[in-house]
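**Q** So I've got this file, work-v9.txt, and it contains compact mmCIF, C-alpha atoms:
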# COMPACT_ATOMS: atom_id res chain seq x y z
CA MET A 1 -21.26 -0.26 -13.08
CA SER A 2 -22.39 3.29 -12.47
CA ASP A 3 -23.80 5.50 -15.19
CA THR A 4 -21.07 8.08 -14.66
CA PRO A 5 -18.63 8.49 -17.56
CA SER A 6 -15.13 7.10 -17.33
CA PRO A 7 -12.65 9.59 -15.86
CA ARG A 8 -10.85 11.73 -18.40
CA ARG A 9 -7.31 10.56 -19.01
CA ARG A 10 -4.72 12.73 -17.36
CA GLN A 11 -1.02 13.25 -17.78
CA PRO A 12 1.32 11.47 -15.33
CA ALA A 13 2.94 13.62 -12.67
CA LEU A 14 6.47 14.31 -13.90
CA LYS A 15 9.21 15.46 -11.60
CA THR A 16 9.36 19.15 -10.83
CA LEU A 17 11.75 21.06 -8.60
CA ASP A 18 9.10 23.68 -7.86
CA HIS A 19 8.23 23.23 -4.18
CA THR A 20 5.06 25.29 -4.62
CA VAL A 21 3.39 22.55 -6.71
CA ALA A 22 0.95 20.89 -4.30
CA ALA A 23 1.30 17.17 -3.65
CA VAL A 24 -2.37 16.23 -3.34
CA PRO A 25 -3.52 17.03 -6.90
CA LEU A 26 -0.55 15.09 -8.32
CA LEU A 27 -1.32 12.00 -6.23
CA GLN A 28 -5.11 12.20 -5.98
CA GLY A 29 -6.87 8.90 -6.64
CA ARG A 30 -3.71 6.92 -7.36
CA VAL A 31 -2.79 3.49 -6.03
CA LEU A 32 1.00 3.33 -6.25
CA LEU A 33 3.23 0.27 -6.44
CA HIS A 34 5.92 -0.03 -3.77
CA GLU A 35 9.05 -1.35 -5.49
CA ASN A 36 12.08 -2.70 -3.61
CA ALA A 37 15.11 -0.45 -4.12
CA VAL A 38 17.39 -3.48 -3.77
CA ASN A 39 16.56 -4.37 -7.37
CA LEU A 40 17.60 -2.51 -10.50
CA PRO A 41 14.41 -0.65 -11.49
CA ARG A 42 12.61 -0.92 -14.79
CA PRO A 43 9.29 0.47 -16.03
CA ARG A 44 6.33 -1.86 -15.58
CA HIS A 45 3.90 -1.95 -18.48
CA THR A 46 1.28 -3.25 -16.06
CA LEU A 47 0.96 0.13 -14.32
CA ASP A 48 -1.76 2.52 -15.48
CA ASP A 49 -0.37 6.05 -15.87
CA ASP A 50 -3.80 7.50 -15.09
CA PHE A 51 -4.35 5.80 -11.75
CA SER A 52 -1.02 4.44 -10.55
CA GLY A 53 2.70 5.13 -10.18
CA VAL A 54 5.74 3.93 -8.22
CA VAL A 55 7.03 4.32 -4.67
CA MET A 56 10.71 3.37 -4.75
CA THR A 57 11.23 1.94 -1.26
CA GLY A 58 14.38 1.12 0.70
CA ALA A 59 17.89 2.28 1.51
CA LYS A 60 18.83 2.94 -2.15
CA ALA A 61 15.51 4.51 -3.07
CA ASP A 62 16.93 7.84 -4.24
CA GLU A 63 19.58 6.18 -6.42
CA ARG A 64 17.12 3.71 -7.93
CA ALA A 65 14.53 6.43 -8.53
CA PHE A 66 17.06 8.52 -10.41
CA HIS A 67 17.97 5.47 -12.51
CA LEU A 68 14.29 4.82 -13.23
CA ARG A 69 13.87 8.39 -14.46
CA SER A 70 17.14 9.04 -16.27
CA THR A 71 18.11 5.61 -17.62
CA ALA A 72 14.92 3.61 -17.85
CA GLY A 73 12.92 6.61 -19.06
CA TYR A 74 10.02 6.34 -16.61
CA GLU A 75 7.76 9.41 -16.82
CA GLY A 76 4.97 8.41 -14.45
CA THR A 77 4.17 9.41 -10.89
CA LEU A 78 7.04 8.62 -8.53
CA LEU A 79 7.70 8.87 -4.79
CA ILE A 80 10.97 8.15 -3.00
CA ASP A 81 10.60 6.39 0.34
CA SER A 82 14.02 5.59 1.78
CA ALA A 83 12.13 4.03 4.72
CA PRO A 84 14.14 5.57 7.59
CA TYR A 85 11.41 4.24 9.89
CA THR A 86 12.81 0.70 9.46
CA THR A 87 15.99 1.65 11.33
CA TYR A 88 15.22 4.87 13.21
CA VAL A 89 12.82 5.31 16.13
CA ALA A 90 11.37 8.81 16.32
CA THR A 91 11.77 10.78 19.55
CA ALA A 92 10.11 13.85 20.98
CA ASP A 93 13.30 15.82 20.27
CA GLU A 94 13.97 14.36 16.80
CA PRO A 95 10.84 12.95 15.12
CA PHE A 96 12.55 13.16 11.74
CA MET A 97 15.74 11.24 11.09
CA ALA A 98 18.67 13.62 11.25
CA PRO A 99 20.67 13.49 8.00
CA THR A 100 24.25 12.31 8.48
CA ASP A 101 25.69 14.06 5.41
CA GLU A 102 26.47 17.76 5.58
CA LEU A 103 24.65 18.23 2.28
CA PHE A 104 21.41 17.21 3.96
CA ALA A 105 21.58 19.19 7.18
CA SER A 106 17.86 19.93 7.28
CA VAL A 107 14.56 18.33 6.48
CA ASP A 108 14.01 20.90 3.74
CA THR A 109 17.17 19.93 1.86
CA SER A 110 16.26 16.26 2.27
CA LEU A 111 12.87 16.96 0.67
CA ALA A 112 14.48 19.00 -2.10
CA PHE A 113 16.90 16.15 -2.79
CA GLN A 114 14.00 13.75 -3.37
CA LYS A 115 12.58 16.14 -5.94
CA ALA A 116 15.97 16.48 -7.63
CA ARG A 117 16.18 12.69 -7.93
CA GLY A 118 12.86 12.55 -9.74
CA ALA A 119 10.12 12.44 -7.11
CA SER A 120 6.73 13.94 -7.97
CA ALA A 121 6.26 14.92 -4.30
CA ALA A 122 8.43 14.59 -1.20
CA LEU A 123 7.98 12.39 1.89
CA THR A 124 9.25 13.48 5.28
CA PRO A 125 11.95 11.21 6.83
CA THR A 126 9.85 10.44 9.90
CA GLY A 127 11.06 7.74 12.28
CA TYR A 128 8.93 4.90 13.63
CA ILE A 129 6.41 6.14 16.20
CA PRO A 130 6.06 3.53 18.99
CA PRO A 131 2.79 2.59 20.74
CA ALA A 132 1.28 5.27 23.00
CA ASP A 133 4.26 7.64 22.54
CA SER A 134 2.17 10.79 22.66
CA LYS A 135 5.09 13.19 23.05
CA THR A 136 6.71 11.97 19.85
CA LEU A 137 3.46 12.06 17.92
CA LYS A 138 2.90 15.65 19.03
CA ALA A 139 6.47 16.49 18.04
CA VAL A 140 5.62 15.46 14.49
CA ILE A 141 3.00 18.25 14.47
CA ARG A 142 5.57 20.77 15.65
CA GLU A 143 8.21 19.88 13.08
CA ALA A 144 5.85 19.16 10.19
CA ASN A 145 4.14 22.52 10.48
CA LYS A 146 7.50 24.27 10.15
CA ILE A 147 7.83 22.95 6.58
CA GLU A 148 6.97 25.68 4.09
CA ARG A 149 6.61 23.51 1.00
CA ALA A 150 3.40 22.58 -0.82
CA ASP A 151 5.00 19.49 -2.35
CA THR A 152 5.39 17.66 0.96
CA VAL A 153 3.57 14.65 2.40
CA VAL A 154 4.15 13.99 6.11
CA THR A 155 4.90 10.31 6.64
CA LEU A 156 3.36 8.82 9.80
CA PRO A 157 4.96 5.41 10.43
CA ILE A 158 2.84 4.29 13.36
CA ASP A 159 2.47 1.13 15.36
CA VAL A 160 -0.97 -0.22 14.42
CA THR A 161 -2.11 0.05 18.04
CA TRP A 162 -2.55 3.78 17.40
CA LEU A 163 -5.72 2.68 15.58
CA ASN A 164 -7.09 0.87 18.66
CA ARG A 165 -10.11 2.32 20.43
CA GLU A 166 -7.86 3.62 23.22
CA ASN A 167 -5.68 5.70 20.88
CA ILE A 168 -7.72 6.56 17.80
CA ASP A 169 -9.09 9.84 19.16
CA GLN A 170 -5.61 11.16 19.85
CA LEU A 171 -4.33 10.03 16.47
CA ILE A 172 -7.19 11.81 14.72
CA ALA A 173 -6.56 14.97 16.77
CA VAL A 174 -2.88 14.98 15.82
CA CYS A 175 -3.53 14.33 12.14
CA THR A 176 -6.07 17.15 12.05
CA LYS A 177 -3.46 19.63 13.33
CA ILE A 178 -0.88 18.78 10.66
CA TRP A 179 -1.34 21.23 7.81
CA HIS A 180 0.25 19.02 5.15
CA PRO A 181 -1.20 15.85 3.65
CA LYS A 182 -0.38 12.75 5.69
CA ALA A 183 0.67 9.22 4.71
CA LEU A 184 0.16 6.39 7.21
CA VAL A 185 2.49 3.38 7.28
CA LEU A 186 1.25 0.65 9.64
CA PHE A 187 3.63 -1.51 11.70
CA ARG A 188 3.09 -5.08 12.85
CA GLN A 189 4.36 -8.57 12.10
CA PHE A 190 2.14 -9.98 9.33
CA ASP A 191 -1.13 -8.13 8.52
CA PRO A 192 -1.59 -5.02 10.71
CA LEU A 193 -5.34 -4.94 10.08
CA GLU A 194 -5.69 -8.30 11.84
CA GLN A 195 -4.32 -6.88 15.10
CA THR A 196 -7.79 -6.30 16.58
CA LYS A 197 -11.32 -6.28 15.19
CA ASP A 198 -11.71 -2.51 15.51
CA ILE A 199 -8.71 -1.57 13.35
CA PRO A 200 -10.48 -1.54 9.92
CA ALA A 201 -13.38 0.52 11.26
CA ASN A 202 -11.12 3.01 13.06
CA LEU A 203 -8.97 3.43 9.96
CA ARG A 204 -12.10 4.30 8.00
CA ARG A 205 -13.10 6.73 10.73
CA LEU A 206 -9.74 8.51 10.50
CA LEU A 207 -10.07 8.78 6.72
CA ALA A 208 -13.55 10.24 7.10
CA GLU A 209 -12.63 12.81 9.75
CA VAL A 210 -9.20 13.97 8.57
CA GLU A 211 -8.59 15.67 5.24
CA HIS A 212 -5.89 14.45 2.86
CA VAL A 213 -4.72 11.16 4.35
CA ALA A 214 -2.98 8.41 2.36
CA LEU A 215 -2.24 4.81 3.29
CA LEU A 216 1.08 3.52 1.99
CA ARG A 217 2.95 0.20 2.07
CA THR A 218 -0.13 -1.97 2.44
CA ASP A 219 -2.18 -4.61 0.56
CA LEU A 220 -5.81 -4.51 -0.63
CA ALA A 221 -6.44 -2.19 2.31
CA ALA A 222 -5.26 0.43 -0.19
CA LEU A 223 -8.48 0.01 -2.16
CA ASP A 224 -10.64 0.15 0.95
CA ALA A 225 -8.81 3.35 1.89
CA ILE A 226 -9.39 4.94 -1.53
CA ALA A 227 -13.06 3.94 -1.44
CA HIS A 228 -13.44 5.58 1.97
CA GLY A 229 -11.72 8.88 1.35
CA ALA A 230 -7.93 8.45 1.18
CA PHE A 231 -6.42 10.72 -1.44
CA CYS A 232 -3.76 8.15 -2.34
CA ALA A 233 -2.57 4.66 -1.39
CA GLY A 234 0.24 2.19 -2.08
CA ILE A 235 0.44 -1.60 -2.46
CA GLY A 236 3.70 -3.49 -1.97
CA VAL A 237 4.99 -5.60 -4.84
CA GLN A 238 5.94 -8.28 -2.31
CA SER A 239 4.74 -9.19 1.18
CA SER A 240 7.60 -7.41 2.99
CA LEU A 241 6.48 -4.15 1.35
CA ARG A 242 2.85 -4.58 2.34
CA HIS A 243 3.52 -3.65 5.97
CA ALA A 244 6.49 -2.68 8.13
CA ILE A 245 8.04 -4.01 11.33
CA PRO A 246 9.55 -1.91 14.15
CA PRO A 247 13.30 -1.21 14.12
CA GLY A 248 15.24 -3.94 15.86
CA GLU A 249 12.63 -6.62 15.29
CA LYS A 250 13.40 -9.52 13.01
CA ALA A 251 10.77 -10.31 10.44
CA GLN A 252 8.84 -13.42 11.40
CA ILE A 253 8.50 -15.83 8.50
CA ARG A 254 6.22 -18.82 8.48
CA LYS A 255 8.77 -21.20 6.98
CA ALA A 256 12.49 -21.16 6.21
CA GLY A 257 13.86 -22.09 2.79
CA PRO A 258 13.38 -20.77 -0.75
CA THR A 259 11.04 -17.83 -1.18
CA TYR A 260 8.20 -18.05 -3.65
CA PRO A 261 5.85 -15.35 -4.91
CA ASN A 262 2.65 -14.40 -3.14
CA VAL A 263 -0.21 -14.47 -5.62
CA LEU A 264 -3.35 -12.32 -5.63
CA MET A 265 -6.42 -14.53 -6.08
CA PRO A 266 -8.85 -12.46 -8.22
CA GLU A 267 -12.03 -14.31 -7.26
CA LEU A 268 -11.22 -14.58 -3.54
CA MET A 269 -9.53 -11.17 -3.18
CA CYS A 270 -6.66 -12.44 -1.07
CA PHE A 271 -2.93 -13.07 -1.33
CA LYS A 272 -1.76 -16.69 -1.13
CA GLY A 273 1.72 -18.18 -1.28
CA ALA A 274 2.63 -20.06 -4.45
CA GLU A 275 3.65 -23.12 -2.45
CA TYR A 276 0.27 -23.23 -0.73
CA LEU A 277 -1.58 -22.99 -4.05
CA ALA A 278 0.56 -25.71 -5.65
CA ARG A 279 -0.22 -28.03 -2.75
CA LEU A 280 -3.92 -27.25 -2.57
CA TYR A 281 -4.43 -27.66 -6.32
CA GLY A 282 -2.10 -30.65 -6.61
CA ASN A 283 -4.81 -33.09 -7.69
CA VAL A 284 -7.55 -30.79 -9.02
CA ASP A 285 -7.95 -28.12 -11.65
CA PRO A 286 -6.53 -24.86 -10.28
CA ALA A 287 -8.21 -21.50 -10.15
CA THR A 288 -7.43 -19.59 -13.33
CA CYS A 289 -7.00 -15.96 -14.31
CA PHE A 290 -7.68 -14.12 -17.55
CA CYS A 291 -5.51 -11.06 -17.03
CA GLU A 292 -3.07 -10.10 -19.76
CA GLU A 293 -0.24 -12.01 -18.06
CA CYS A 294 -2.16 -15.22 -17.28
CA ASP A 295 -4.43 -15.55 -20.33
CA GLY A 296 -6.52 -18.29 -18.74
CA ARG A 297 -3.67 -20.24 -17.17
CA GLY A 298 -3.77 -21.69 -13.65
CA LEU A 299 -2.63 -19.78 -10.56
CA ASP A 300 -0.69 -22.80 -9.31
CA ARG A 301 2.12 -22.27 -11.80
CA PHE A 302 4.15 -19.81 -9.71
CA PHE A 303 5.72 -22.42 -7.43
CA LEU A 304 9.25 -21.65 -8.63
CA PRO A 305 11.89 -19.38 -7.02
CA ASP A 306 13.39 -18.00 -10.26
CA GLY A 307 13.21 -14.36 -11.31
CA GLU A 308 11.08 -14.90 -14.41
CA THR A 309 8.38 -16.67 -12.40
CA ARG A 310 8.37 -13.87 -9.84
CA ARG A 311 8.10 -11.30 -12.63
CA GLU A 312 5.04 -13.09 -14.05
CA ALA A 313 3.46 -13.36 -10.61
CA ASP A 314 4.06 -9.67 -9.91
CA ASN A 315 2.61 -8.67 -13.29
CA HIS A 316 -0.48 -10.78 -12.65
CA THR A 317 -0.99 -9.19 -9.25
CA VAL A 318 -0.50 -5.61 -10.46
CA LEU A 319 -2.79 -6.12 -13.46
CA THR A 320 -5.48 -7.57 -11.20
CA TRP A 321 -5.65 -4.80 -8.64
CA SER A 322 -5.09 -2.13 -11.31
CA ASP A 323 -8.29 -3.28 -13.03
CA TRP A 324 -10.13 -2.87 -9.74
CA VAL A 325 -8.74 0.63 -9.27
CA THR A 326 -9.85 1.62 -12.76
CA GLU A 327 -13.30 0.14 -12.15
CA MET A 328 -13.58 1.96 -8.82
CA ALA A 329 -12.74 5.26 -10.51
CA GLY A 330 -15.93 4.90 -12.57
CA TYR A 331 -18.01 5.38 -9.42
CA GLN A 332 -18.57 8.73 -7.78
CA PRO A 333 -16.69 9.21 -4.48
CA GLY A 334 -18.93 8.70 -1.50
CA THR A 335 -21.78 6.22 -1.20
CA PRO A 336 -21.67 4.87 -4.79
CA ARG A 337 -17.98 4.01 -4.55
CA LYS A 338 -18.25 2.63 -1.01
CA SER A 339 -21.22 0.46 -1.97
CA TRP A 340 -19.43 -0.92 -5.01
CA TRP A 341 -16.44 -1.90 -2.88
CA ARG A 342 -18.61 -3.44 -0.15
CA ASP A 343 -20.53 -5.51 -2.70
CA LYS A 344 -17.33 -6.64 -4.39
CA CYS A 345 -15.88 -7.82 -1.07
CA ALA A 346 -19.13 -9.59 -0.13
CA ALA A 347 -19.22 -11.40 -3.48
CA ALA A 348 -15.64 -12.58 -2.93
CA ILE A 349 -16.55 -13.98 0.49
CA ASP A 350 -19.38 -16.01 -1.06
CA ARG A 351 -16.89 -17.65 -3.40
CA TYR A 352 -14.79 -19.15 -0.61
CA ALA A 353 -17.25 -21.94 0.18
CA LEU A 354 -17.80 -22.56 -3.54
CA GLU A 355 -14.08 -22.88 -4.23
CA ASN A 356 -13.54 -25.18 -1.26
CA GLN A 357 -16.41 -27.38 -2.41
CA ARG A 358 -15.09 -27.41 -5.98
CA ILE A 359 -11.74 -28.83 -4.89
CA GLY A 360 -13.38 -31.37 -2.59
CA LEU A 361 -12.83 -29.77 0.81
CA GLY A 362 -16.45 -29.10 1.73
CA ALA A 363 -18.13 -25.84 2.63
CA SER A 364 -16.26 -25.26 5.92
CA PRO A 365 -12.83 -26.88 5.63
CA ARG A 366 -10.05 -26.47 8.13
CA SER A 367 -7.31 -26.77 5.53
CA GLY A 368 -8.86 -24.89 2.61
CA PHE A 369 -9.30 -21.22 1.86
CA GLN A 370 -10.20 -19.11 4.89
CA VAL A 371 -11.77 -15.67 4.58
CA PRO A 372 -9.29 -13.02 5.84
CA ALA A 373 -10.59 -10.95 8.73
CA PRO A 374 -10.09 -7.58 6.95
CA LEU A 375 -12.11 -8.80 3.94
CA LYS A 376 -14.96 -9.73 6.29
CA ALA A 377 -14.81 -6.26 7.81
CA TRP A 378 -14.83 -4.49 4.44
CA ALA A 379 -17.88 -6.52 3.39
CA THR A 380 -19.90 -5.98 6.57
CA LEU A 381 -19.00 -2.59 8.04
CA PRO A 382 -21.64 0.10 7.39
CA VAL A 383 -21.12 2.11 4.23
CA GLY A 384 -21.93 5.27 6.18
CA PRO A 385 -22.96 8.68 4.89
Starting from the file, give its structure as structure tokens.

**A**
Amino acid sequence: MSDTPSPRRRQPALKTLDHTVAAVPLLQGRVLLHENAVNLPRPRHTLDDDFSGVVMTGAKADERAFHLRSTAGYEGTLLIDSAPYTTYVATADEPFMAPTDELFASVDTSLAFQKARGASAALTPTGYIPPADSKTLKAVIREANKIERADTVVTLPIDVTWLNRENIDQLIAVCTKIWHPKALVLFRQFDPLEQTKDIPANLRRLLAEVEHVALLRTDLAALDAIAHGAFCAGIGVQSSLRHAIPPGEKAQIRKAGPTYPNVLMPELMCFKGAEYLARLYGNVDPATCFCEECDGRGLDRFFLPDGETRREADNHTVLTWSDWVTEMAGYQPGTPRKSWWRDKCAAAIDRYALENQRIGLGASPRSGFQVPAPLKAWATLPVGP
């Protein structure tokens, strides 16, 4: 741990209709939880008001956000992401989804409506930006820079190939020309950061070269982003909210049947399905967790499809990464914070062989725990200046 004092506690960002209140200071340093707007919202005691908050995500996001504020009494930081990019493909003529209701005939009124429903800042209703569609990406600059509100974050729902070596320079150039803070949402079936080996490094490069960039709707990449200069990030409460898929594509699932929670493994720093853990630990002592929800119990216990089990699994996951966010905040931004994160990822990688040996699979098993490619990148990429 660094010798720097713990950050002073701060008040959560309550809703305000004042469009002159800047978004960045309200969201700075926070890792938000993406909640599914399909469900009736409720406050989560696992969220830290100092370093977290909620992104209500989905078609009913505005309605659920208002319920969370007015009925459930949530006073923390809140964003409303109706996720138009899941159904609407941006074009050079209309990069933002055109509202269908007369009440929302402009982007400005759409942003104001989010604030009226309880949002701390407003996200632009940007459509999905396909691979190599330069005209549409440039159109986002044109329309975004017409917005005369300080409370706005420009959503950039991009195919992950925009972070390839062929496209990263153009993406950086476009992001630099947008006056408002930006929020990336990456698109790909499964983990976008596994698309190619250069994605994690190019994402870090963008964060280093462009001011005020956030990474939303992701997984532990949120922490890597915060460590390397993002002003804000967001982690999905379930796997479908930890990335996005292009409009018209059907989500690819590995296996049909009942759905079980995905569980964050604290020692290995990876998400694993409950069914996989139950099978792997079937005849040996499971990995355990000592968060407030688990209290030393095994991580193989979530192999049930009921709501209570999912609630426990979600609480465990949020408590785990929230502790890491709080710990990270104790390190000064820059090299100290980057080095702490690199060392934490490297230590997790070392535990893979140990865990596989413990359960009798040997140091290099084919059927045991495998180190995720992004984790390898975070542990080995240069810390940089």

**Q** Please work out which residues fall within 12 Å of (-12.7, 7.9, -9.5), coordinates as given in the file, with all atoms listed in the file counting, and return them as an MDAnalysis selection string.

**A** chainID A and resid 2 4:9 28:31 50:51 223 226:232 324:334 336:338 340

**Q** Which is closest to Met269 (chain A) among A:Val284, A:Val210, A:Leu26, A:Cys345, if we use only C-alpha atoms?

**A**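 Smallest distance to Met269 (chain A) is found for A:Cys345.
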
**Q** With only C-alpha atoms as the counted atoms, please give the residues lying no more than 10 Å from Ala37 (chain A), apart from itself and same-chain residues fewer than 3 positions off, as an MDAnalysis selection string.

**A** chainID A and resid 34 40:41 55:65 80:82

**Q** Near Cys175 (chain A), within 12 Å and counting all atoms listed in the file, which residues show up once chain neighbours fewer than 5 positions away are dropped, as a count of residues only?

**A** 30

**Q** Which distance in Å separates CA of Leu193 (chain A) and CA of Arg217 (chain A), to one decimal?

**A**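 Between CA of Leu193 (chain A) and CA of Arg217 (chain A) the gap is 12.6 Å.
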
**Q** Under the rule that only C-alpha atoms are counted, which of A:Leu268, A:Leu171, A:Ala377, A:Ile235 is the nearest residue to Ala353 (chain A)?

**A**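 Under the stated criterion, the closest residue is A:Leu268.
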